[in-house]
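Dropping run-v2.txt in here (compact mmCIF, C-alpha atoms and all ligand atoms):
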# COMPACT_ATOMS: atom_id res chain seq x y z
CA MET Q 1 -12.77 7.50 -29.32
CA LEU Q 2 -9.99 5.39 -27.83
CA ASP Q 3 -8.20 2.76 -29.92
CA ILE Q 4 -8.38 0.01 -27.30
CA PRO Q 5 -6.33 -2.68 -29.15
CA ALA Q 6 -3.54 -0.13 -29.71
CA ILE Q 7 -3.73 0.96 -26.08
CA ARG Q 8 -3.58 -2.64 -24.88
CA SER Q 9 -0.44 -3.22 -26.90
CA ASP Q 10 1.20 -0.42 -24.89
CA PHE Q 11 0.82 -2.58 -21.74
CA PRO Q 12 2.91 -5.76 -22.16
CA ILE Q 13 1.58 -7.35 -18.94
CA LEU Q 14 -1.95 -7.50 -20.39
CA SER Q 15 -0.91 -10.22 -22.81
CA ARG Q 16 0.42 -12.57 -20.15
CA LYS Q 17 -1.39 -15.69 -19.01
CA VAL Q 18 -2.25 -16.73 -15.48
CA TYR Q 19 -3.06 -20.42 -14.91
CA ASP Q 20 -3.11 -20.75 -18.71
CA LYS Q 21 -5.92 -18.21 -18.94
CA ASP Q 22 -5.78 -14.71 -20.40
CA LEU Q 23 -5.14 -12.26 -17.58
CA ILE Q 24 -8.16 -10.06 -16.89
CA TYR Q 25 -6.92 -7.30 -14.65
CA PHE Q 26 -9.78 -5.69 -12.72
CA ASP Q 27 -7.75 -4.47 -9.73
CA ASN Q 28 -7.02 -1.02 -11.10
CA ALA Q 29 -8.17 0.83 -7.99
CA ALA Q 30 -5.36 -0.90 -6.08
CA THR Q 31 -2.73 -0.16 -8.70
CA THR Q 32 -2.66 0.29 -12.46
CA GLN Q 33 -0.42 -1.46 -14.95
CA LYS Q 34 2.40 0.45 -16.61
CA PRO Q 35 2.67 1.34 -20.27
CA ARG Q 36 5.93 0.53 -22.03
CA CYS Q 37 6.80 4.25 -22.31
CA VAL Q 38 6.88 4.60 -18.50
CA VAL Q 39 9.07 1.54 -17.96
CA GLU Q 40 11.36 2.64 -20.80
CA LYS Q 41 11.60 6.11 -19.29
CA ILE Q 42 12.86 4.63 -16.02
CA GLU Q 43 15.45 2.58 -17.86
CA ALA Q 44 16.53 5.48 -20.07
CA ASP Q 45 16.90 7.86 -17.13
CA TYR Q 46 19.03 5.40 -15.15
CA TYR Q 47 21.18 4.81 -18.22
CA ASN Q 48 21.51 8.43 -19.33
CA VAL Q 49 20.80 11.05 -16.68
CA ASN Q 50 21.31 9.44 -13.28
CA ALA Q 51 22.95 11.83 -10.83
CA ASN Q 52 21.88 13.32 -7.53
CA ILE Q 53 19.97 16.50 -8.21
CA HIS Q 54 20.07 20.14 -6.96
CA ARG Q 55 23.36 21.93 -6.37
CA GLY Q 56 25.39 19.61 -8.61
CA VAL Q 57 27.78 21.59 -10.79
CA HIS Q 58 28.38 18.80 -13.26
CA PHE Q 59 26.50 18.13 -16.46
CA LEU Q 60 24.58 15.03 -15.36
CA SER Q 61 23.43 16.54 -12.09
CA GLN Q 62 22.11 19.57 -13.91
CA ALA Q 63 20.34 17.38 -16.48
CA ALA Q 64 18.73 15.30 -13.71
CA THR Q 65 17.72 18.45 -11.82
CA GLU Q 66 16.14 19.93 -14.92
CA ALA Q 67 14.27 16.65 -15.59
CA HIS Q 68 12.92 16.55 -12.03
CA GLU Q 69 11.80 20.19 -12.15
CA GLU Q 70 10.26 19.70 -15.59
CA ALA Q 71 8.34 16.74 -14.10
CA ARG Q 72 7.04 19.10 -11.41
CA ARG Q 73 5.83 21.48 -14.12
CA THR Q 74 4.15 18.57 -15.92
CA VAL Q 75 2.25 17.69 -12.73
CA GLN Q 76 1.38 21.35 -12.24
CA ARG Q 77 -0.11 21.60 -15.72
CA PHE Q 78 -1.89 18.24 -15.39
CA ILE Q 79 -3.91 19.37 -12.36
CA ASN Q 80 -3.86 23.05 -13.40
CA ALA Q 81 -2.05 24.29 -10.31
CA GLY Q 82 -1.00 27.93 -10.41
CA ASP Q 83 2.71 27.48 -9.73
CA PRO Q 84 5.22 24.57 -9.68
CA LYS Q 85 6.20 25.49 -6.11
CA GLU Q 86 2.72 24.31 -5.07
CA ILE Q 87 3.64 20.76 -6.16
CA VAL Q 88 5.44 18.70 -3.50
CA PHE Q 89 6.68 15.23 -4.46
CA THR Q 90 5.98 12.62 -1.79
CA ARG Q 91 5.92 8.82 -1.69
CA GLY Q 92 2.19 8.78 -2.39
CA THR Q 93 -1.25 9.69 -1.12
CA THR Q 94 -0.56 8.23 2.31
CA GLU Q 95 2.59 10.28 2.85
CA SER Q 96 0.92 13.41 1.46
CA ILE Q 97 -1.95 13.13 3.95
CA ASN Q 98 0.41 12.37 6.84
CA LEU Q 99 2.46 15.43 5.91
CA VAL Q 100 -0.58 17.70 6.02
CA ALA Q 101 -2.09 16.08 9.13
CA SER Q 102 1.12 16.41 11.11
CA THR Q 103 2.13 19.91 10.04
CA PHE Q 104 -1.38 21.35 9.96
CA ALA Q 105 -2.12 20.02 13.45
CA ASP Q 106 1.13 21.58 14.69
CA ALA Q 107 0.68 24.96 13.04
CA CYS Q 108 -3.06 25.49 12.89
CA MET Q 109 -4.82 23.41 15.56
CA GLN Q 110 -5.31 23.67 19.30
CA PRO Q 111 -6.73 21.05 21.67
CA GLY Q 112 -10.49 20.91 21.13
CA ASP Q 113 -10.26 21.94 17.46
CA GLU Q 114 -12.01 19.73 14.93
CA VAL Q 115 -11.38 18.07 11.59
CA ILE Q 116 -14.24 16.74 9.44
CA LEU Q 117 -13.74 13.39 7.65
CA SER Q 118 -16.30 10.97 6.23
CA GLN Q 119 -17.41 7.42 6.75
CA MET Q 120 -16.17 6.48 3.26
CA GLU Q 121 -12.52 7.44 3.80
CA HIS Q 122 -9.61 5.11 3.12
CA HIS Q 123 -7.65 4.34 6.30
CA SER Q 124 -4.94 6.68 5.02
CA ASN Q 125 -7.34 9.61 5.51
CA ILE Q 126 -8.43 8.42 8.96
CA VAL Q 127 -5.44 7.10 10.88
CA PRO Q 128 -3.13 10.14 10.39
CA TRP Q 129 -5.88 12.29 11.93
CA GLN Q 130 -6.35 9.87 14.80
CA ILE Q 131 -2.61 10.05 15.49
CA GLN Q 132 -2.88 13.85 15.60
CA ALA Q 133 -6.03 13.59 17.71
CA ALA Q 134 -4.07 11.60 20.30
CA ARG Q 135 -1.05 13.95 20.10
CA LYS Q 136 -2.88 17.26 20.07
CA GLY Q 137 -6.28 16.57 21.62
CA ILE Q 138 -8.17 17.43 18.44
CA ALA Q 139 -11.55 15.91 17.64
CA VAL Q 140 -12.53 13.95 14.52
CA LYS Q 141 -16.07 14.51 13.17
CA VAL Q 142 -17.48 12.08 10.61
CA VAL Q 143 -19.88 12.73 7.72
CA PRO Q 144 -22.24 9.73 7.42
CA VAL Q 145 -22.86 7.87 4.17
CA THR Q 146 -26.39 7.36 2.78
CA ASP Q 147 -27.78 4.00 1.72
CA ASN Q 148 -26.85 4.50 -1.92
CA GLY Q 149 -23.31 5.38 -0.92
CA GLU Q 150 -23.28 9.17 -1.07
CA LEU Q 151 -22.16 11.69 1.51
CA ASP Q 152 -25.04 12.93 3.63
CA MET Q 153 -24.70 16.60 2.71
CA GLU Q 154 -27.25 17.76 5.31
CA ALA Q 155 -25.21 16.09 8.02
CA PHE Q 156 -22.00 17.50 6.51
CA ARG Q 157 -23.31 21.05 6.92
CA SER Q 158 -24.41 20.37 10.48
CA LEU Q 159 -20.94 19.16 11.54
CA PHE Q 160 -19.33 22.59 11.24
CA SER Q 161 -18.72 24.44 14.48
CA GLY Q 162 -16.62 27.37 15.59
CA ARG Q 163 -13.82 24.84 16.21
CA THR Q 164 -13.73 23.30 12.71
CA ARG Q 165 -10.26 23.85 11.29
CA LEU Q 166 -10.12 21.51 8.28
CA VAL Q 167 -12.27 19.25 6.09
CA SER Q 168 -10.47 16.20 4.64
CA LEU Q 169 -12.50 14.07 2.22
CA THR Q 170 -12.05 11.69 -0.65
CA HIS Q 171 -12.91 12.80 -4.17
CA VAL Q 172 -13.88 9.29 -5.33
CA SER Q 173 -14.55 6.37 -2.98
CA ASN Q 174 -12.27 3.38 -3.56
CA VAL Q 175 -15.10 1.04 -2.46
CA LEU Q 176 -18.36 2.63 -3.62
CA GLY Q 177 -17.02 4.48 -6.64
CA THR Q 178 -19.03 7.53 -5.60
CA ILE Q 179 -17.75 10.78 -7.08
CA ASN Q 180 -18.30 13.27 -4.29
CA PRO Q 181 -19.45 16.83 -5.09
CA VAL Q 182 -16.11 18.21 -3.98
CA LYS Q 183 -16.50 21.60 -5.64
CA GLU Q 184 -19.70 22.20 -3.68
CA ILE Q 185 -18.10 20.80 -0.51
CA ILE Q 186 -15.11 23.13 -0.85
CA ALA Q 187 -17.39 26.13 -1.46
CA GLU Q 188 -19.44 25.23 1.65
CA ALA Q 189 -16.30 24.94 3.76
CA HIS Q 190 -14.81 28.16 2.41
CA ARG Q 191 -18.01 30.02 3.27
CA ARG Q 192 -17.08 29.16 6.86
CA GLN Q 193 -13.37 30.01 6.31
CA VAL Q 194 -12.39 26.33 6.62
CA PRO Q 195 -9.76 24.90 4.23
CA VAL Q 196 -10.22 21.53 2.50
CA LEU Q 197 -7.90 18.62 1.68
CA ILE Q 198 -9.09 16.31 -1.10
CA ASP Q 199 -7.82 12.74 -1.40
CA GLY Q 200 -7.67 12.36 -5.16
CA ALA Q 201 -6.10 8.87 -5.26
CA GLN Q 202 -9.12 7.43 -7.10
CA ALA Q 203 -10.04 10.56 -9.03
CA VAL Q 204 -6.92 11.78 -10.82
CA PRO Q 205 -6.52 8.58 -12.89
CA HIS Q 206 -10.11 8.70 -14.14
CA LEU Q 207 -11.39 12.29 -14.28
CA ARG Q 208 -10.10 15.66 -15.41
CA VAL Q 209 -9.03 17.37 -12.19
CA ASP Q 210 -8.50 21.11 -12.02
CA VAL Q 211 -7.41 22.11 -8.53
CA ARG Q 212 -7.94 25.81 -9.19
CA ASP Q 213 -11.44 25.30 -10.53
CA LEU Q 214 -12.22 23.15 -7.46
CA ASP Q 215 -10.47 25.76 -5.28
CA ALA Q 216 -8.97 22.90 -3.22
CA ASP Q 217 -6.51 24.00 -0.55
CA PHE Q 218 -4.71 20.64 -0.61
CA TYR Q 219 -5.10 17.88 -3.21
CA VAL Q 220 -3.17 14.59 -3.04
CA PHE Q 221 -2.67 11.53 -5.24
CA SER Q 222 -0.39 8.53 -5.92
CA GLY Q 223 1.68 7.92 -9.03
CA HIS Q 224 1.17 4.15 -9.13
CA LYS Q 225 -2.61 4.50 -9.53
CA ILE Q 226 -2.17 6.68 -12.61
CA TYR Q 227 0.08 4.35 -14.64
CA GLY Q 228 3.25 5.71 -13.03
CA PRO Q 229 5.77 3.97 -10.76
CA THR Q 230 5.35 3.05 -7.11
CA GLY Q 231 6.97 5.23 -4.46
CA ILE Q 232 6.10 8.62 -5.95
CA GLY Q 233 3.09 10.80 -5.28
CA VAL Q 234 1.96 14.37 -5.11
CA LEU Q 235 0.84 16.91 -2.56
CA TYR Q 236 -0.64 20.01 -4.13
CA GLY Q 237 -1.10 22.84 -1.67
CA LYS Q 238 -1.98 26.47 -2.18
CA GLU Q 239 1.13 28.54 -1.63
CA GLU Q 240 -0.50 30.48 1.21
CA TRP Q 241 -1.13 27.21 3.09
CA LEU Q 242 2.20 25.54 2.36
CA ASP Q 243 3.92 28.71 3.54
CA LYS Q 244 2.09 28.52 6.88
CA LEU Q 245 3.05 24.89 7.53
CA PRO Q 246 6.35 23.87 9.16
CA PRO Q 247 8.65 21.27 7.56
CA TYR Q 248 7.57 17.65 7.96
CA GLN Q 249 10.99 16.01 7.90
CA GLY Q 250 14.43 17.52 8.30
CA GLY Q 251 17.60 16.74 6.38
CA GLY Q 252 19.38 17.61 3.17
CA GLU Q 253 17.63 19.40 0.31
CA MET Q 254 15.10 21.20 2.55
CA ILE Q 255 17.35 23.82 4.17
CA ALA Q 256 18.60 27.28 3.28
CA SER Q 257 21.47 27.18 5.80
CA VAL Q 258 22.45 25.03 8.76
CA SER Q 259 24.52 25.79 11.82
CA PHE Q 260 24.34 24.42 15.32
CA GLU Q 261 23.06 27.79 16.42
CA LYS Q 262 20.37 28.31 13.80
CA THR Q 263 19.00 26.48 10.77
CA THR Q 264 16.79 28.14 8.16
CA PHE Q 265 14.54 26.23 5.82
CA GLY Q 266 14.42 26.25 2.05
CA GLU Q 267 11.79 27.80 -0.18
CA LEU Q 268 8.71 26.00 -1.39
CA PRO Q 269 8.48 23.23 -2.43
CA PHE Q 270 11.93 22.13 -1.23
CA LYS Q 271 11.01 22.83 2.42
CA PHE Q 272 8.90 19.64 2.23
CA GLU Q 273 11.31 17.47 0.22
CA ALA Q 274 13.97 16.36 2.70
CA GLY Q 275 16.59 13.95 1.42
CA THR Q 276 17.38 12.80 -2.10
CA PRO Q 277 14.10 13.01 -3.99
CA ASP Q 278 12.84 10.20 -6.21
CA TYR Q 279 13.92 12.01 -9.37
CA ILE Q 280 13.62 8.82 -11.42
CA GLY Q 281 10.07 8.35 -10.12
CA SER Q 282 9.05 11.95 -10.75
CA THR Q 283 10.13 11.87 -14.40
CA ALA Q 284 8.45 8.50 -14.95
CA LEU Q 285 5.27 9.85 -13.35
CA ALA Q 286 5.44 12.83 -15.71
CA ARG Q 287 5.74 10.38 -18.62
CA ALA Q 288 2.61 8.57 -17.38
CA LEU Q 289 0.72 11.86 -17.16
CA GLN Q 290 1.75 12.65 -20.73
CA TYR Q 291 0.52 9.23 -21.79
CA VAL Q 292 -2.97 9.67 -20.30
CA SER Q 293 -3.12 13.27 -21.52
CA GLY Q 294 -2.41 11.93 -25.00
CA LEU Q 295 -5.45 9.67 -24.72
CA GLY Q 296 -7.49 12.52 -23.23
CA MET Q 297 -8.96 12.50 -19.74
CA ASP Q 298 -12.47 13.15 -21.05
CA ALA Q 299 -12.23 10.20 -23.47
CA ILE Q 300 -10.91 8.02 -20.62
CA ALA Q 301 -13.77 9.05 -18.31
CA ALA Q 302 -16.40 8.43 -21.00
CA TYR Q 303 -15.05 4.99 -21.94
CA GLU Q 304 -14.64 3.85 -18.32
CA ASP Q 305 -18.19 5.02 -17.61
CA GLU Q 306 -19.40 2.86 -20.49
CA LEU Q 307 -17.52 -0.12 -19.01
CA LEU Q 308 -19.04 0.54 -15.58
CA ARG Q 309 -22.59 0.75 -16.92
CA TYR Q 310 -22.14 -2.41 -18.95
CA ALA Q 311 -20.62 -4.35 -16.03
CA THR Q 312 -23.30 -3.10 -13.62
CA ALA Q 313 -26.14 -4.16 -15.92
CA ARG Q 314 -24.55 -7.57 -16.55
CA LEU Q 315 -23.83 -8.17 -12.85
CA GLN Q 316 -27.46 -7.45 -12.04
CA GLU Q 317 -28.40 -10.51 -14.14
CA ILE Q 318 -27.02 -12.67 -11.36
CA GLU Q 319 -29.48 -13.80 -8.74
CA GLY Q 320 -28.74 -12.69 -5.21
CA VAL Q 321 -26.20 -10.04 -6.21
CA ARG Q 322 -25.86 -6.95 -4.02
CA ILE Q 323 -24.02 -3.91 -5.38
CA PHE Q 324 -22.53 -1.47 -2.86
CA GLY Q 325 -22.55 2.09 -4.14
CA THR Q 326 -25.42 3.01 -6.45
CA SER Q 327 -24.92 6.74 -6.77
CA PRO Q 328 -25.59 8.07 -10.28
CA HIS Q 329 -22.18 9.78 -10.01
CA LYS Q 330 -19.70 6.92 -10.02
CA GLY Q 331 -16.19 6.12 -11.13
CA ALA Q 332 -15.45 2.68 -12.59
CA VAL Q 333 -15.49 0.75 -9.32
CA LEU Q 334 -17.95 -2.10 -8.74
CA SER Q 335 -18.20 -3.55 -5.22
CA PHE Q 336 -20.51 -6.49 -4.75
CA LEU Q 337 -21.42 -9.70 -2.97
CA VAL Q 338 -23.35 -12.67 -4.29
CA ARG Q 339 -25.76 -14.15 -1.71
CA ASP Q 340 -23.68 -15.14 1.33
CA ILE Q 341 -20.65 -16.29 -0.64
CA HIS Q 342 -17.59 -15.06 1.22
CA PRO Q 343 -15.68 -12.42 -0.75
CA TYR Q 344 -12.40 -14.35 -0.31
CA ASP Q 345 -13.96 -17.48 -1.80
CA MET Q 346 -15.30 -15.48 -4.73
CA GLY Q 347 -11.96 -13.72 -5.26
CA MET Q 348 -9.90 -16.91 -5.08
CA LEU Q 349 -12.13 -18.74 -7.52
CA LEU Q 350 -12.31 -15.81 -9.95
CA ASP Q 351 -8.52 -15.78 -9.87
CA ARG Q 352 -8.56 -19.35 -11.23
CA PHE Q 353 -10.47 -18.02 -14.24
CA GLY Q 354 -7.71 -15.46 -14.75
CA VAL Q 355 -9.75 -12.59 -13.28
CA ALA Q 356 -7.90 -10.40 -10.78
CA VAL Q 357 -10.27 -8.63 -8.37
CA ARG Q 358 -9.72 -7.33 -4.87
CA THR Q 359 -11.57 -8.73 -1.88
CA GLY Q 360 -11.87 -7.69 1.75
CA HIS Q 361 -12.32 -4.38 3.53
CA HIS Q 362 -10.33 -2.31 0.99
CA CYS Q 363 -8.68 -0.32 3.81
CA ALA Q 364 -12.08 1.13 4.66
CA GLN Q 365 -13.22 -0.74 7.76
CA PRO Q 366 -15.49 2.06 9.07
CA LEU Q 367 -17.32 1.97 5.72
CA MET Q 368 -17.66 -1.83 5.96
CA GLN Q 369 -19.27 -1.35 9.38
CA ARG Q 370 -21.68 1.16 7.84
CA LEU Q 371 -22.55 -1.31 5.06
CA GLY Q 372 -22.92 -4.10 7.60
CA VAL Q 373 -20.48 -6.43 5.83
CA GLU Q 374 -17.03 -7.81 6.56
CA GLY Q 375 -15.83 -7.14 3.06
CA THR Q 376 -16.82 -7.04 -0.59
CA VAL Q 377 -15.52 -8.19 -3.95
CA ARG Q 378 -14.32 -5.21 -5.96
CA ALA Q 379 -13.82 -5.05 -9.71
CA SER Q 380 -12.27 -1.76 -10.84
CA PHE Q 381 -11.76 -0.84 -14.46
CA SER Q 382 -9.27 1.04 -16.58
CA PHE Q 383 -9.35 2.31 -20.16
CA TYR Q 384 -7.42 -0.81 -21.22
CA ASN Q 385 -10.24 -3.11 -20.14
CA THR Q 386 -12.94 -4.30 -22.53
CA LYS Q 387 -16.57 -5.45 -22.59
CA GLU Q 388 -15.30 -8.87 -23.70
CA GLU Q 389 -13.31 -9.10 -20.48
CA ILE Q 390 -16.42 -8.11 -18.53
CA ASP Q 391 -18.31 -10.95 -20.26
CA VAL Q 392 -15.66 -13.47 -19.16
CA PHE Q 393 -15.80 -12.04 -15.64
CA ILE Q 394 -19.61 -12.27 -15.47
CA ASP Q 395 -19.48 -15.82 -16.74
CA ALA Q 396 -16.92 -16.66 -14.07
CA VAL Q 397 -19.02 -15.03 -11.30
CA LYS Q 398 -22.01 -17.11 -12.48
CA ARG Q 399 -19.95 -20.30 -12.40
CA VAL Q 400 -18.64 -19.53 -8.91
CA ALA Q 401 -22.18 -18.74 -7.73
CA ALA Q 402 -23.37 -22.09 -9.10
CA MET Q 403 -20.68 -23.92 -7.06
CA PHE Q 404 -22.16 -22.72 -3.75
N1 LIG I 501 -6.97 7.02 -0.64
C1 LIG I 501 -7.70 6.27 -1.46
C2 LIG I 501 -9.09 6.69 -1.80
C3 LIG I 501 -7.15 5.10 -1.99
O1 LIG I 501 -7.88 4.34 -2.80
C4 LIG I 501 -5.82 4.74 -1.65
C5 LIG I 501 -5.18 3.47 -2.19
N2 LIG I 501 -5.99 2.34 -2.15
C6 LIG I 501 -5.11 5.56 -0.80
C7 LIG I 501 -5.71 6.70 -0.32
C8 LIG I 501 -3.72 5.25 -0.40
O2 LIG I 501 -2.84 5.35 -1.47
P1 LIG I 501 -1.33 4.90 -1.35
O3 LIG I 501 -1.35 3.53 -0.73
O4 LIG I 501 -0.83 4.89 -2.75
O5 LIG I 501 -0.63 5.90 -0.49

What does this structure look like when you write it as structure tokens?
Ligand code: PMP
Amino acid sequence: MLDIPAIRSDFPILSRKVYDKDLIYFDNAATTQKPRCVVEKIEADYYNVNANIHRGVHFLSQAATEAHEEARRTVQRFINAGDPKEIVFTRGTTESINLVASTFADACMQPGDEVILSQMEHHSNIVPWQIQAARKGIAVKVVPVTDNGELDMEAFRSLFSGRTRLVSLTHVSNVLGTINPVKEIIAEAHRRQVPVLIDGAQAVPHLRVDVRDLDADFYVFSGHKIYGPTGIGVLYGKEEWLDKLPPYQGGGEMIASVSFEKTTFGELPFKFEAGTPDYIGSTALARALQYVSGLGMDAIAAYEDELLRYATARLQEIEGVRIFGTSPHKGAVLSFLVRDIHPYDMGMLLDRFGVAVRTGHHCAQPLMQRLGVEGTVRASFSFYNTKEEIDVFIDAVKRVAAMF
């Protein structure tokens, strides 16, 4: 059981007002709010241990290096990776996917080779592959989405060919909330000797993720969606794969030795961390992971599921409501439209009631085309939200609906 009032008091922003109304923050799939311990960690590190890391001989540099590497171990334990060298710090999910797309295409793909994506991907798991498709002449195959918002697994199996080199799919859809059967997907791909990248941006904050149990080859997520700071994220890759891939960017930190005749690259994970790393971000992310671990990922998942079920049932009271994504396996994301009310109108008016939701295509335009809509309204929940907030939200949706 989570102590929700105590949790809410850890998040100062939740007690602020917008337009004289209590803030109801239902935009957690876009970014989550930060607990005091994370913000204080950033302040404390800048005040006490700020120094550029790696190779510094002085006290502060060694302290900062140790903090950054301890943060890597915290991430490793959080997703149950086998070794800290399999954890690469990036700027976020987008950079992690671009890193894999670019280096994997260079090292492991020939013109005519294929990558399998799905119709429910975020643009950040589509566009990097299209860039590589244009550069390298590789083909993108797309798993269709069923009417209730699940991956069409039959079609998925039929997309494999002798040229399939990688599968890259989202764990949880940021629009439909669908939790994809990624363990089964990875096993299917591995049976055909094809590695799998999982976009965990919407999964890691809400579910217990164990990359070794999933047997994922690559798994990526963003710090800011799991109560950590912006600008830091993670690429997990199996050592055997990261070893095969060339560096993504060149510069300081990622080399073993440099001369104009010959440069050699550093060991994992430093080969992929060119330039001064975000060592303040990594330690603050580790603090956020400790915070959610303290609450318990299973308790978080159970409570958020209760919020989702409650909100779904209450939303269905409203005449003319259409919910997008009705899989029985869902994270706490609720996309909907009411009659033909434009999502922007709904979002702007809900905002006046203090309710922050996201509207539009949610960086998933191919999915919008599949659903036959321009956009949706999306409410996405966190463990700090409450049923009382959902009641205010439902009331506000009803009032907006009555205006049209
Ligand atoms: N994938 C999914 C499923 C997402 O929801 C998001 C963020 N909306 C991203 C990728 C991109 O994450 P970021 O912008 O933090 O790189």

Using only C-alpha atoms and all ligand atoms, what are the residues with an atom within 9 Å of ligand LIG 501 (chain I), set out as a PyMOL selection string? chain Q and resi 29-31+91-97+120-125+170-175+199-203+220-225+230-233+362-363

Test item: which residues lie within 9 Å of (-16.6, -7.4, -11.1) counting only C-alpha atoms, as a PyMOL selection string: chain Q and resi 26+311-312+315+333-336+355+357+377-381+390+393-394+397

Residue nearest Q:Ile4 among Q:His68, Q:Lys387, Q:Lys34, Q:Lys330 (counting all atoms listed in the file): Q:Lys387

Atom CA of Q:Val182 to atom CA of Q:Arg322, distance in Å rounded to a single decimal: 27.0 Å

What separation in Å, quoted to one decimal, exists between atom CA of Q:Asp106 and atom CA of Q:Arg135? 9.6 Å
